[in-house]
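First up is the structure itself, then whatever we jot down about it.
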Amino acid sequence: MTEQRFTISVPDEALEDLHRRLRQTRWPDTVSNSGWTYGLDVEWMQSIAGYWLNQYDWSAQQRALNEYPHYLAVIDGFRIHYLHFRSKDPNAVPVVLTHGWPGSFLELLKVAPMLAHSTSDPFHVVVPSLPGYAFSERPSSPGMNTFRTADLWVKLMRLVGYDRFVAQGGDIGANVSSVMAWKHPECVFALHLNYIPGSYRPWVDEATPLRPEEIAFKHEAQNWYDEKGGYWHVQATQPQTLGFAPIRLSAWQRGSSTSTATGPIAMAWSRGASPTTSYSRT
């Protein structure tokens, strides 16, 4: 297969439509002085909409993103977007890096060139976009899961010339990478994971006595799920419900992270990061 180069090009009509919908946002009523008590603070969300509408420069982001080596491949009839950083060292180790939710290939734009350009431990780096994320095709039928994605990734790596490689991933990417190593040991000779979903809540037999700090941790975790975990349950059971409006989706994604407007998640997502997650194309 010959790699097909890909250039990001969002038409002006799409941007104009987004701006129109942002301007016409119907803001909800609020309880006086409630702040973040019942969810996102409306004034904070209005400031985000204003920044998105009046300050955010997508054209500049698009030019910067197109400096990277984007490609498309059709595997089993499914279009996959990926970046491919080839090392100049012919003995470099191939590695596939898989992002998580609610992220995209953007998570890996700093580390991928560092790995490819390393003079001591060089890698050929492939960074695919999960199905439905960024510029990969959205699944139109049930059944797209980590197992099928793992199979697609193995075929992608073979198509670009790598029969044996390292798999690395975090969050959903950790699941995909683990499945690759389990199902395709003839291809994956090393596995590296970061943020393994559920890893901080290992299974413990109910008969096993817990220390006070472990009991406190379980209570704190349960309180978080009870108070902040609604987004997870909706996404796990009725994800289509979320696909109807841009500002509603930005609020939903922001609300799933923390309960205040401070912190790295708020700043990185809302103030300048390119919104090329699974929700940016609605």
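As shown in the structure tokens, the chain order sets the letters A, B, ...; within each chain, residues go from 1, and ligands are also counted from 1 in the order they appear.
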Q.
Residues near region 170-187 of chain A, anyone? I mean within 7 Å using only C-alpha atoms, not counting same-chain ones fewer than 6 positions away, as a list in words.
A.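 My reading of the contact set: Thr98, His99, Gly100, Trp101, Thr146, Phe147, Thr149, Ala150, Asp163, Arg164, Leu193, Asn194, Tyr195, Ile196 and Pro197 of chain A.
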Q: Give the strand (DSSP E or B) residues of region 102-247 of chain A, as DSSP finds them on the backbone, and put them as a ChimeraX atom specification.
A: /A:123-128,165-170,188-194
Restricting the output to C-alpha atoms, write the selected residues as a JSON list (two decimals), in the first residue's frame.
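Output file out.json is given in full below:
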```
[["chain", "number", "residue", "atom", "x", "y", "z"],
["A", 123, "PHE", "CA", 11.42, 4.86, 16.89],
["A", 124, "HIS", "CA", 9.24, 4.81, 13.81],
["A", 125, "VAL", "CA", 6.05, 6.27, 15.31],
["A", 126, "VAL", "CA", 2.49, 5.67, 14.12],
["A", 127, "VAL", "CA", -0.30, 7.65, 15.82],
["A", 128, "PRO", "CA", -3.76, 6.57, 14.61],
["A", 165, "PHE", "CA", 6.25, -3.45, 16.82],
["A", 166, "VAL", "CA", 5.70, -1.97, 20.27],
["A", 167, "ALA", "CA", 2.20, -0.98, 21.41],
["A", 168, "GLN", "CA", 1.66, 1.95, 23.75],
["A", 169, "GLY", "CA", -1.58, 3.51, 24.93],
["A", 170, "GLY", "CA", -3.47, 5.27, 27.70],
["A", 188, "VAL", "CA", 3.54, -7.01, 19.50],
["A", 189, "PHE", "CA", 6.85, -7.75, 21.21],
["A", 190, "ALA", "CA", 6.55, -5.06, 23.92],
["A", 191, "LEU", "CA", 3.69, -3.26, 25.66],
["A", 192, "HIS", "CA", 3.65, 0.03, 27.58],
["A", 193, "LEU", "CA", 0.55, 1.50, 29.23],
["A", 194, "ASN", "CA", -0.29, 4.74, 31.00]]
```
Q.
Can you tell me, as a PyMOL selection string, which residues in region 22-243 of chain A count as alpha helix (DSSP H) by DSSP?
A. chain A and resi 22-23+42-54+58-65+111-117+146-159+172-183+212-228+230-237
Q) If we count only C-alpha atoms, what is near region 69-73 of chain A at a cut-off of 6 Å, once residues fewer than 6 positions away on the same chain are taken out, given as number ranges by chain? A) A: 4-6, 79-84
Dump N, CA and C atoms for the selected residues as a PDB file, in the first residue's frame?
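File result-v9.pdb, as written:
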```pdb
ATOM      1  N   GLN A   4      -1.294   7.456   1.699  1.00  0.00           N
ATOM      2  CA  GLN A   4      -2.017   8.580   1.115  1.00  0.00           C
ATOM      3  C   GLN A   4      -1.916   9.771   2.060  1.00  0.00           C
ATOM      4  N   ARG A   5      -1.209  10.805   1.639  1.00  0.00           N
ATOM      5  CA  ARG A   5      -1.075  11.988   2.476  1.00  0.00           C
ATOM      6  C   ARG A   5      -2.431  12.654   2.654  1.00  0.00           C
ATOM      7  N   PHE A   6      -2.588  13.303   3.782  1.00  0.00           N
ATOM      8  CA  PHE A   6      -3.852  13.943   4.122  1.00  0.00           C
ATOM      9  C   PHE A   6      -3.574  15.339   4.644  1.00  0.00           C
ATOM     10  N   ARG A  79     -12.076   3.890   6.929  1.00  0.00           N
ATOM     11  CA  ARG A  79     -11.043   4.907   6.749  1.00  0.00           C
ATOM     12  C   ARG A  79     -10.411   5.269   8.090  1.00  0.00           C
ATOM     13  N   ILE A  80      -9.098   5.160   8.145  1.00  0.00           N
ATOM     14  CA  ILE A  80      -8.343   5.472   9.354  1.00  0.00           C
ATOM     15  C   ILE A  80      -7.414   6.650   9.076  1.00  0.00           C
ATOM     16  N   HIS A  81      -7.472   7.636   9.942  1.00  0.00           N
ATOM     17  CA  HIS A  81      -6.525   8.759   9.913  1.00  0.00           C
ATOM     18  C   HIS A  81      -5.380   8.445  10.868  1.00  0.00           C
ATOM     19  N   TYR A  82      -4.164   8.742  10.453  1.00  0.00           N
ATOM     20  CA  TYR A  82      -3.032   8.506  11.329  1.00  0.00           C
ATOM     21  C   TYR A  82      -1.886   9.437  10.964  1.00  0.00           C
ATOM     22  N   LEU A  83      -0.960   9.593  11.887  1.00  0.00           N
ATOM     23  CA  LEU A  83       0.277  10.308  11.637  1.00  0.00           C
ATOM     24  C   LEU A  83       1.408   9.290  11.641  1.00  0.00           C
ATOM     25  N   HIS A  84       2.401   9.526  10.782  1.00  0.00           N
ATOM     26  CA  HIS A  84       3.502   8.574  10.660  1.00  0.00           C
ATOM     27  C   HIS A  84       4.817   9.347  10.677  1.00  0.00           C
TER      28      HIS A  84
END
```
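Proximity ranking of A:Pro11, A:Pro209, A:Pro122, A:Gly229 relative to Pro90 (chain A) places A:Pro122 first, based on only C-alpha atoms.
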